[in-house]
file start38.csv (CSV, C-alpha atoms)
chain,number,residue,atom,x,y,z
A,668,MET,CA,128.1,-19.0,-213.1
A,669,PHE,CA,125.8,-17.7,-210.3
A,670,HIS,CA,128.0,-14.8,-209.7
A,671,ARG,CA,128.3,-13.8,-213.3
A,672,SER,CA,124.5,-13.8,-213.7
A,673,GLU,CA,124.1,-11.6,-210.6
A,674,GLY,CA,126.7,-9.2,-212.0
A,675,ARG,CA,125.0,-9.0,-215.4
A,676,SER,CA,121.6,-8.2,-213.8
A,677,GLY,CA,123.2,-5.6,-211.6
A,678,ALA,CA,124.7,-3.9,-214.7
A,679,CYS,CA,121.3,-4.0,-216.4
A,680,ALA,CA,119.7,-2.4,-213.4
A,681,ALA,CA,122.3,0.3,-213.4
A,682,ILE,CA,121.9,1.0,-217.1
A,683,ALA,CA,118.1,1.1,-216.8
A,684,LEU,CA,118.4,3.5,-213.9
A,685,ALA,CA,120.7,5.7,-215.9
A,686,LEU,CA,118.3,5.7,-218.8
A,687,ILE,CA,115.4,6.6,-216.6
A,688,LEU,CA,117.4,9.5,-215.1
A,689,LEU,CA,118.4,10.7,-218.5
A,690,ALA,CA,114.8,10.5,-219.8
A,691,CYS,CA,113.6,12.5,-216.8
A,692,ALA,CA,116.3,15.1,-217.2
A,693,GLY,CA,115.4,15.4,-220.9
A,694,CYS,CA,111.7,15.9,-220.3
A,695,ARG,CA,112.0,18.1,-217.3
A,696,LYS,CA,112.3,21.4,-219.1
A,697,THR,CA,109.6,21.2,-221.6
A,698,GLU,CA,107.0,18.6,-220.7
A,699,ASN,CA,106.6,18.6,-217.0
A,700,PHE,CA,104.2,21.5,-216.7
A,701,ARG,CA,100.5,20.5,-216.2
A,702,GLY,CA,99.2,23.8,-217.3
A,703,ALA,CA,99.2,24.9,-221.0
A,704,VAL,CA,102.7,26.2,-221.9
A,705,MET,CA,103.0,29.5,-223.7
A,706,PRO,CA,105.3,29.9,-226.7
A,707,ALA,CA,108.9,30.5,-225.6
A,708,ASP,CA,109.2,33.8,-227.7
A,709,MET,CA,106.3,35.6,-225.9
A,710,PRO,CA,107.2,39.3,-225.5
A,711,ILE,CA,107.2,40.6,-222.0
A,712,VAL,CA,103.8,42.1,-221.2
A,713,ASP,CA,103.5,44.8,-218.6
A,714,PHE,CA,100.8,46.9,-217.0
A,715,THR,CA,100.1,49.1,-214.0
A,716,LEU,CA,96.9,49.1,-212.0
A,717,THR,CA,95.8,50.1,-208.5
A,718,ASP,CA,95.6,47.6,-205.6
A,719,GLN,CA,93.0,47.4,-202.9
A,720,ASN,CA,95.2,49.6,-200.6
A,721,ASN,CA,95.2,52.3,-203.3
A,722,GLN,CA,98.9,51.6,-204.2
A,723,PRO,CA,100.1,51.2,-207.8
A,724,PHE,CA,100.9,47.6,-208.8
A,725,THR,CA,103.2,47.1,-211.8
A,726,LEU,CA,103.7,43.6,-213.2
A,727,SER,CA,107.4,44.1,-214.2
A,728,ARG,CA,108.1,45.2,-210.6
A,729,GLN,CA,107.4,41.7,-209.3
A,730,GLN,CA,110.5,40.2,-210.8
A,731,GLY,CA,111.9,37.5,-208.7
A,732,LYS,CA,108.4,36.3,-207.8
A,733,VAL,CA,106.1,33.9,-209.7
A,734,VAL,CA,102.9,35.8,-210.4
A,735,LEU,CA,99.4,34.2,-210.7
A,736,LEU,CA,96.9,36.4,-212.4
A,737,PHE,CA,93.2,35.9,-212.5
A,738,PHE,CA,90.3,38.0,-213.8
A,739,GLY,CA,87.1,38.0,-211.7
A,740,TYR,CA,84.6,40.0,-209.8
A,741,THR,CA,83.4,40.0,-206.2
A,742,TYR,CA,79.7,39.8,-207.2
A,743,CYS,CA,80.5,36.4,-208.9
A,744,PRO,CA,79.3,33.7,-206.4
A,745,ASP,CA,80.6,30.6,-207.9
A,746,VAL,CA,83.7,30.4,-210.1
A,747,CYS,CA,85.7,33.4,-208.7
A,748,PRO,CA,85.5,32.3,-205.1
A,749,MET,CA,86.3,28.8,-206.3
A,750,THR,CA,89.6,30.1,-207.7
A,751,LEU,CA,90.4,32.2,-204.5
A,752,SER,CA,89.7,29.1,-202.4
A,753,ALA,CA,92.0,27.1,-204.6
A,754,TRP,CA,94.7,29.8,-204.3
A,755,LYS,CA,94.3,29.7,-200.5
A,756,GLN,CA,95.0,25.9,-200.6
A,757,VAL,CA,98.0,26.5,-203.0
A,758,GLN,CA,99.4,29.1,-200.6
A,759,GLY,CA,99.1,26.6,-197.7
A,760,ALA,CA,100.7,23.8,-199.7
A,761,LEU,CA,103.6,26.0,-200.8
A,762,GLY,CA,104.4,26.9,-197.1
A,763,ASP,CA,107.4,29.2,-196.9
A,764,ASP,CA,107.8,29.2,-200.7
A,765,ALA,CA,104.5,31.2,-201.0
A,766,ARG,CA,106.6,34.3,-200.1
A,767,ASN,CA,107.9,34.1,-203.6
A,768,VAL,CA,104.5,34.0,-205.3
A,769,ARG,CA,102.1,36.9,-205.9
A,770,PHE,CA,98.4,36.1,-206.2
A,771,VAL,CA,96.8,38.8,-208.2
A,772,TYR,CA,93.0,39.3,-208.9
A,773,VAL,CA,92.0,41.8,-211.5
A,774,THR,CA,88.4,42.9,-211.5
A,775,VAL,CA,86.2,42.6,-214.6
A,776,ASP,CA,83.5,44.7,-212.8
A,777,PRO,CA,85.1,48.1,-211.8
A,778,LYS,CA,81.7,49.7,-211.4
A,779,ARG,CA,80.8,47.5,-208.4
A,780,ASP,CA,84.3,46.4,-207.2
A,781,THR,CA,85.4,49.4,-205.2
A,782,LEU,CA,88.8,49.3,-203.4
A,783,GLU,CA,86.9,48.6,-200.1
A,784,ARG,CA,84.9,45.8,-201.6
A,785,LEU,CA,88.0,44.2,-203.2
A,786,LYS,CA,89.8,44.4,-199.9
A,787,SER,CA,87.0,42.9,-197.7
A,788,HIS,CA,86.4,40.2,-200.2
A,789,LEU,CA,90.0,39.1,-200.6
A,790,GLU,CA,90.7,39.3,-196.9
A,791,ILE,CA,88.3,36.4,-196.4
A,792,PHE,CA,90.7,34.2,-198.3
A,793,SER,CA,94.1,35.8,-197.6
A,794,ASP,CA,95.7,39.1,-196.5
A,795,ASP,CA,98.4,38.4,-199.1
A,796,PHE,CA,96.1,38.3,-202.1
A,797,ILE,CA,96.3,41.4,-204.3
A,798,GLY,CA,93.1,42.9,-205.8
A,799,LEU,CA,93.5,45.3,-208.8
A,800,THR,CA,91.2,47.8,-210.4
A,801,GLY,CA,91.6,50.9,-212.5
A,802,SER,CA,89.8,53.1,-215.0
A,803,GLU,CA,87.7,51.4,-217.7
A,804,LYS,CA,90.4,52.4,-220.2
A,805,ALA,CA,93.3,51.1,-218.2
A,806,LEU,CA,91.5,47.8,-217.5
A,807,ASN,CA,90.4,47.4,-221.1
A,808,GLU,CA,94.1,47.7,-222.1
A,809,VAL,CA,95.0,44.9,-219.7
A,810,TYR,CA,92.1,42.7,-220.8
A,811,SER,CA,93.2,43.0,-224.5
A,812,LYS,CA,96.9,42.3,-223.6
A,813,PHE,CA,95.9,38.9,-222.3
A,814,GLY,CA,93.0,38.2,-224.6
A,815,VAL,CA,90.6,38.3,-221.8
A,816,PHE,CA,87.0,38.1,-222.8
A,817,ARG,CA,84.6,40.2,-220.7
A,818,GLU,CA,81.0,40.8,-221.4
A,819,ILE,CA,78.3,42.4,-219.2
A,820,GLU,CA,75.0,40.5,-219.4
A,821,LYS,CA,71.6,41.7,-218.0
A,822,PHE,CA,69.0,39.1,-217.3
A,823,ALA,CA,65.3,40.2,-217.8
A,824,ASP,CA,64.1,37.1,-215.8
A,825,SER,CA,66.6,37.3,-212.9
A,826,GLU,CA,66.7,39.4,-209.8
A,827,THR,CA,70.4,40.0,-210.4
A,828,ASP,CA,71.4,43.4,-211.5
A,829,TYR,CA,73.9,42.1,-214.1
A,830,LEU,CA,76.5,39.4,-214.3
A,831,VAL,CA,79.8,39.5,-216.1
A,832,ASN,CA,80.8,36.7,-218.4
A,833,HIS,CA,84.6,36.4,-218.4
A,834,THR,CA,87.7,34.4,-219.0
A,835,ALA,CA,88.5,32.3,-216.0
A,836,ARG,CA,92.0,31.1,-216.9
A,837,ILE,CA,94.9,31.6,-214.5
A,838,PHE,CA,97.8,33.4,-216.2
A,839,VAL,CA,101.2,32.4,-214.7
A,840,PHE,CA,104.4,34.5,-215.0
A,841,ASP,CA,107.9,33.2,-214.1
A,842,ARG,CA,110.4,35.0,-211.9
A,843,ASP,CA,111.7,36.9,-214.9
A,844,GLY,CA,108.3,38.3,-215.6
A,845,ARG,CA,107.7,36.1,-218.6
A,846,TRP,CA,104.1,34.8,-219.3
A,847,ARG,CA,104.7,31.1,-219.1
A,848,LEU,CA,101.5,29.2,-218.5
A,849,GLY,CA,97.7,29.2,-218.7
A,850,ILE,CA,96.0,27.1,-216.1
A,851,SER,CA,92.3,26.1,-216.3
A,852,TYR,CA,90.0,27.6,-213.6
A,853,ASN,CA,89.2,24.1,-212.4
A,854,ALA,CA,92.7,22.6,-212.3
A,855,PRO,CA,93.4,20.5,-209.2
A,856,VAL,CA,95.3,22.4,-206.5
A,857,GLU,CA,98.2,19.9,-206.7
A,858,ASP,CA,98.7,20.7,-210.4
A,859,ILE,CA,98.9,24.4,-209.7
A,860,VAL,CA,101.4,23.8,-206.8
A,861,HIS,CA,103.4,21.5,-209.0
A,862,ASP,CA,103.8,24.1,-211.8
A,863,ILE,CA,104.6,26.9,-209.4
A,864,ARG,CA,107.3,24.7,-207.8
A,865,LEU,CA,108.9,24.1,-211.2
A,866,LEU,CA,108.9,27.8,-211.9
A,867,LEU,CA,110.5,28.5,-208.4
A,868,GLU,CA,113.3,26.0,-209.0
B,584,MET,CA,60.2,-35.0,-159.1
B,585,MET,CA,61.4,-32.6,-161.8
B,586,LYS,CA,58.9,-30.3,-163.2
B,587,ARG,CA,59.5,-29.1,-166.7
B,588,ILE,CA,59.7,-25.4,-166.8
B,589,GLY,CA,58.9,-23.7,-170.0
B,590,LEU,CA,56.4,-24.0,-172.8
B,591,HIS,CA,54.3,-27.0,-173.6
B,592,PRO,CA,55.9,-29.0,-176.4
B,593,ALA,CA,53.1,-27.9,-178.8
B,594,ASN,CA,53.5,-24.3,-177.9
B,595,GLN,CA,57.3,-24.6,-178.1
B,596,LYS,CA,57.0,-25.8,-181.7
B,597,ARG,CA,54.6,-23.0,-182.6
B,598,GLY,CA,57.0,-20.6,-181.1
B,599,ARG,CA,59.9,-21.9,-183.1
B,600,VAL,CA,57.9,-21.6,-186.3
B,601,ARG,CA,56.9,-18.1,-185.5
B,602,LEU,CA,60.5,-17.2,-184.8
B,603,ALA,CA,61.6,-18.8,-188.1
B,604,VAL,CA,58.9,-17.0,-190.1
B,605,GLY,CA,59.9,-13.7,-188.3
B,606,LEU,CA,63.5,-14.2,-189.1
B,607,LEU,CA,62.8,-15.0,-192.7
B,608,LEU,CA,60.6,-12.0,-193.1
B,609,ALA,CA,63.2,-9.8,-191.4
B,610,THR,CA,66.0,-11.2,-193.6
B,611,GLY,CA,63.9,-10.9,-196.7
B,612,LEU,CA,62.9,-7.3,-196.0
B,613,SER,CA,66.5,-6.3,-195.3
B,614,LEU,CA,67.8,-7.9,-198.4
B,615,CYS,CA,65.3,-6.7,-200.9
B,616,ARG,CA,63.6,-3.8,-199.2
B,617,PRO,CA,61.3,-2.3,-201.8
B,618,ALA,CA,61.7,1.4,-202.4
B,619,PRO,CA,59.1,3.3,-200.5
B,620,PRO,CA,56.2,4.6,-202.5
B,621,GLY,CA,56.7,8.1,-203.8
B,622,PRO,CA,60.0,10.0,-203.7
B,623,ALA,CA,62.3,9.7,-200.7
B,624,ILE,CA,64.5,12.8,-200.6
B,625,ARG,CA,67.8,12.9,-198.7
B,626,ILE,CA,69.8,16.1,-198.6
B,627,SER,CA,73.5,16.3,-197.7
B,628,ASP,CA,76.7,18.4,-198.0
B,629,VAL,CA,74.9,21.7,-197.6
B,630,TRP,CA,77.5,24.5,-197.6
B,631,SER,CA,78.1,28.1,-198.6
B,632,ARG,CA,81.2,30.3,-199.1
B,633,PRO,CA,82.0,33.2,-196.8
B,634,VAL,CA,80.9,36.7,-198.0
B,635,ALA,CA,81.9,40.0,-196.5
B,636,VAL,CA,78.7,42.1,-196.2
B,637,PRO,CA,79.0,45.5,-194.4
B,638,ALA,CA,76.4,46.0,-191.6
B,639,GLU,CA,74.9,49.1,-193.4
B,640,ALA,CA,74.4,47.2,-196.8
B,641,GLY,CA,70.6,47.4,-196.8
B,642,GLU,CA,67.9,45.4,-198.6
B,643,HIS,CA,69.4,45.7,-202.0
B,644,SER,CA,72.9,45.0,-200.7
B,645,GLY,CA,74.4,43.9,-204.0
B,646,TYR,CA,76.2,41.1,-202.2
B,647,THR,CA,75.8,37.6,-203.6
B,648,GLY,CA,76.4,34.2,-202.1
B,649,VAL,CA,75.9,30.6,-202.9
B,650,ILE,CA,74.5,27.3,-201.6
B,651,TYR,CA,75.9,24.0,-202.7
B,652,LEU,CA,74.2,20.7,-201.7
B,653,THR,CA,73.5,17.2,-202.8
B,654,ILE,CA,69.9,15.8,-203.2
B,655,ALA,CA,69.4,12.0,-203.4
B,656,ASN,CA,66.1,10.3,-204.1
B,657,ASP,CA,65.9,6.8,-202.7
B,658,GLY,CA,62.2,6.5,-203.5
B,659,SER,CA,60.3,5.0,-206.5
B,660,THR,CA,59.0,8.2,-208.0
B,661,PRO,CA,60.9,11.2,-209.4
B,662,ASP,CA,60.6,14.5,-207.7
B,663,ARG,CA,61.4,18.1,-208.7
B,664,LEU,CA,63.1,20.9,-206.8
B,665,GLN,CA,60.9,23.9,-207.6
B,666,ARG,CA,62.4,26.7,-205.6
B,667,ILE,CA,64.5,27.6,-202.5
B,668,GLU,CA,63.5,30.1,-199.9
B,669,THR,CA,65.8,31.6,-197.3
B,670,ALA,CA,65.7,34.6,-195.0
B,671,ILE,CA,69.5,35.2,-195.5
B,672,CYS,CA,68.9,37.1,-198.7
B,673,ARG,CA,66.2,39.0,-200.7
B,674,VAL,CA,65.8,36.3,-203.3
B,675,ALA,CA,67.4,32.9,-204.0
B,676,GLU,CA,67.6,31.6,-207.6
B,677,MET,CA,68.9,28.4,-209.1
B,678,HIS,CA,71.8,29.1,-211.6
B,679,GLU,CA,74.2,27.1,-213.6
B,680,THR,CA,77.7,28.1,-214.5
B,681,LEU,CA,78.6,27.2,-218.1
B,682,ALA,CA,82.2,27.1,-219.2
B,683,GLU,CA,83.3,27.3,-222.8
B,684,ASN,CA,87.0,27.3,-223.4
B,685,ASN,CA,87.6,28.8,-220.0
B,686,ARG,CA,85.0,31.5,-220.6
B,687,MET,CA,82.4,31.5,-217.9
B,688,ARG,CA,78.8,32.6,-218.0
B,689,MET,CA,75.8,32.0,-215.8
B,690,GLN,CA,72.3,31.0,-216.7
B,691,LYS,CA,69.2,31.1,-214.5
B,692,ILE,CA,67.5,27.7,-214.3
B,693,GLU,CA,63.8,28.0,-215.1
B,694,GLY,CA,61.1,25.5,-214.0
B,695,GLY,CA,63.1,23.7,-211.3
B,696,LEU,CA,65.4,20.7,-211.4
B,697,ASP,CA,64.6,17.0,-211.5
B,698,VAL,CA,65.7,14.5,-208.9
B,699,PRO,CA,65.4,11.2,-210.7
B,700,VAL,CA,64.5,7.8,-209.0
B,701,ARG,CA,67.6,6.3,-207.4
B,702,GLY,CA,69.5,9.3,-208.6
B,703,THR,CA,71.2,12.4,-207.2
B,704,LEU,CA,71.2,16.1,-208.1
B,705,ALA,CA,74.6,17.5,-207.1
B,706,MET,CA,75.1,21.2,-206.8
B,707,LYS,CA,78.9,21.8,-206.7
B,708,PRO,CA,81.3,24.6,-207.5
B,709,GLY,CA,81.5,25.3,-211.2
B,710,GLY,CA,78.1,23.9,-212.0
B,711,VAL,CA,74.5,24.2,-210.7
B,712,HIS,CA,74.2,26.2,-207.6
B,713,VAL,CA,71.7,28.3,-205.5
B,714,MET,CA,72.5,31.9,-206.0
B,715,LEU,CA,71.7,34.1,-203.0
B,716,ILE,CA,71.0,37.6,-204.3
B,717,ASP,CA,71.2,40.6,-202.0
B,718,LEU,CA,72.5,39.0,-198.8
B,719,ARG,CA,71.1,40.5,-195.6
B,720,ARG,CA,74.2,39.9,-193.6
B,721,ALA,CA,77.8,38.7,-193.8
B,722,LEU,CA,78.5,35.0,-193.9
B,723,HIS,CA,81.5,34.1,-191.7
B,724,GLU,CA,83.3,30.8,-191.8
B,725,GLY,CA,81.5,28.4,-189.3
B,726,ASP,CA,78.2,30.3,-189.4
B,727,THR,CA,75.0,28.3,-190.3
B,728,PHE,CA,71.7,29.5,-191.7
B,729,GLY,CA,68.5,27.9,-192.7
B,730,ALA,CA,67.1,27.4,-196.2
B,731,THR,CA,63.9,25.6,-197.3
B,732,LEU,CA,63.8,23.5,-200.4
B,733,VAL,CA,60.4,23.2,-202.0
B,734,PHE,CA,59.7,20.0,-203.9
B,735,GLU,CA,56.8,19.3,-206.2
B,736,LYS,CA,55.9,16.0,-204.4
B,737,SER,CA,57.9,16.0,-201.1
B,738,GLY,CA,56.9,19.5,-200.2
B,739,ALA,CA,59.1,21.8,-198.1
B,740,ILE,CA,62.3,20.4,-196.6
B,741,THR,CA,64.3,22.7,-194.4
B,742,VAL,CA,68.1,22.3,-194.2
B,743,ARG,CA,71.0,24.3,-192.6
B,744,SER,CA,73.9,25.5,-194.7
B,745,THR,CA,77.3,25.7,-193.1
B,746,VAL,CA,79.7,28.5,-194.2
B,747,ARG,CA,83.1,27.1,-195.2
B,748,LEU,CA,86.1,28.3,-197.2
B,749,HIS,CA,86.5,25.0,-199.0
B,750,GLY,CA,83.9,22.4,-199.9
B,751,PRO,CA,83.4,19.1,-197.9
B,752,SER,CA,85.4,17.3,-200.5
B,753,GLY,CA,88.3,19.7,-200.5
call {"tool": "encode", "arguments": {"input": "start38.csv", "output": "structure tokens"}}
result
Amino acid sequence: MFHRSEGRSGACAAIALALILLACAGCRKTENFRGAVMPADMPIVDFTLTDQNNQPFTLSRQQGKVVLLFFGYTYCPDVCPMTLSAWKQVQGALGDDARNVRFVYVTVDPKRDTLERLKSHLEIFSDDFIGLTGSEKALNEVYSKFGVFREIEKFADSETDYLVNHTARIFVFDRDGRWRLGISYNAPVEDIVHDIRLLLE
Amino acid sequence: MMKRIGLHPANQKRGRVRLAVGLLLATGLSLCRPAPPGPAIRISDVWSRPVAVPAEAGEHSGYTGVIYLTIANDGSTPDRLQRIETAICRVAEMHETLAENNRMRMQKIEGGLDVPVRGTLAMKPGGVHVMLIDLRRALHEGDTFGATLVFEKSGAITVRSTVRLHGPSG
């Protein structure tokens, strides 16, 4: 009697465990991302801009790497450094796996963000971060491909020359160059790390 | 013959009463200490992000920085942060980042900021911050610099901001 009951509860536990494992395997592919998942049939988007070392950067050439793309400007004191600071923490948390991730910052202020300025600004955070600029035309094409909003605003009452209102979402591409996720600018570092790890698996 | 050393019994009693009253007062005061009259401002977590400013940048350097801090008011009267002065830049303004569907824009705060009674005013990334316009020098991690906060009632309070890559809370 005692033995039978023990055997039954053991079997129950085994079934429950199997069910949990099954459920996890089932949800893994679709629901595990913490960022907003893009539709599966997104066409491959590509562009070429110039990096802070005056070298061409082409998105489709980064295949095999997970790419994080952010639009910002070095004159922005609050949100853009906040993202770079988060990226620095993401890079640290990924350890060796960070080699398979590209952190890419595209300027929304090409007039003030010279190559030198992009370089000295990004170096504060990491030598591995890539800063991109280009002609107004080339940049506008990139903004429109990703639906990036960008608007220059002058303030009569402020001593600032002008500020740039812009989209602050992080665009994430998988190792095949597909645009997979949109992550909010204020997402916790562990959520970003979590999603990158899923894409690296 | 034994001589009593110590206080006369009457004085001893008076002493004990005084001690008891003193203890009661001390306990009472520590338990329900009334808020001091007027505002009582406490400033903490003062920090700034690093900024690369070249040596030859000049007065209108075009480089911007930020100060984040927390202001608490333990007093019984509200106060108002009117402005911030610092020699690190040409001008310091209070700004607020506003996010709408991941679109960011900034707005200058006019007329200062209230620090309510028993409340705090927190300046943190992605919200209200001090914007340092035209920095006079680079801010390197670990540097500190002074800034004076001018309050309507408490007057000028000088703090030091520490330059750090990440905020005190991560």
call {"tool": "interface_residues", "arguments": {"input": "start38.csv", "of": "chain A", "to": "chain B", "cutoff": "7 Å", "atoms": "all atoms listed in the file", "output": "list in words"}}
result
Tyr742, Pro744, Asp745, Val746, Met749, Ser752, Ser787, His788, Ser825, Thr827, Asn832, His833, Thr834, Ala835, Arg836, Ser851 and Tyr852 of chain A
call {"tool": "residues_around", "arguments": {"input": "start38.csv", "residues": "Leu696 of chain B", "least_positions_apart": "6", "cutoff": "10 Å", "atoms": "all atoms listed in the file", "output": "list in words"}}
result
Asp662, Arg663, Leu664, Gln665, Arg666, Met677, Leu704, Val711 and Phe734 of chain B
call {"tool": "atom_distance", "arguments": {"input": "start38.csv", "atom1": "atom CA of Phe770 of chain A", "atom2": "atom CA of Ile797 of chain A"}}
result
6.0 Å
call {"tool": "atom_distance", "arguments": {"input": "start38.csv", "atom1": "atom CA of Leu867 of chain A", "atom2": "atom CA of Asp764 of chain A"}}
result
8.2 Å
call {"tool": "residues_near_point", "arguments": {"input": "start38.csv", "point": "(92.5, 37.8, -219.1)", "cutoff": "8 Å", "atoms": "only C-alpha atoms", "output": "list in words"}}
result
Phe737, Phe738, Val809, Tyr810, Ser811, Lys812, Phe813, Gly814, Val815, Phe816, Thr834, Ala835, Arg836 and Phe838 of chain A
call {"tool": "atom_distance", "arguments": {"input": "start38.csv", "atom1": "atom CA of Asp780 of chain A", "atom2": "atom CA of Cys747 of chain A"}}
result
13.2 Å
call {"tool": "closest_residue", "arguments": {"input": "start38.csv", "among": "A:Glu857, A:Glu783, A:Asp776, A:Glu826", "to": "Tyr740 of chain A", "atoms": "only C-alpha atoms"}}
result
A:Asp776
call {"tool": "residues_around", "arguments": {"input": "start38.csv", "residues": "Pro748 of chain A", "least_positions_apart": "5", "cutoff": "9 Å", "atoms": "only C-alpha atoms", "output": "list of chain:residue names"}}
result
A:Gly739, A:Thr741, A:Cys743, A:Ala753, A:Phe792, B:Arg632, B:Leu748
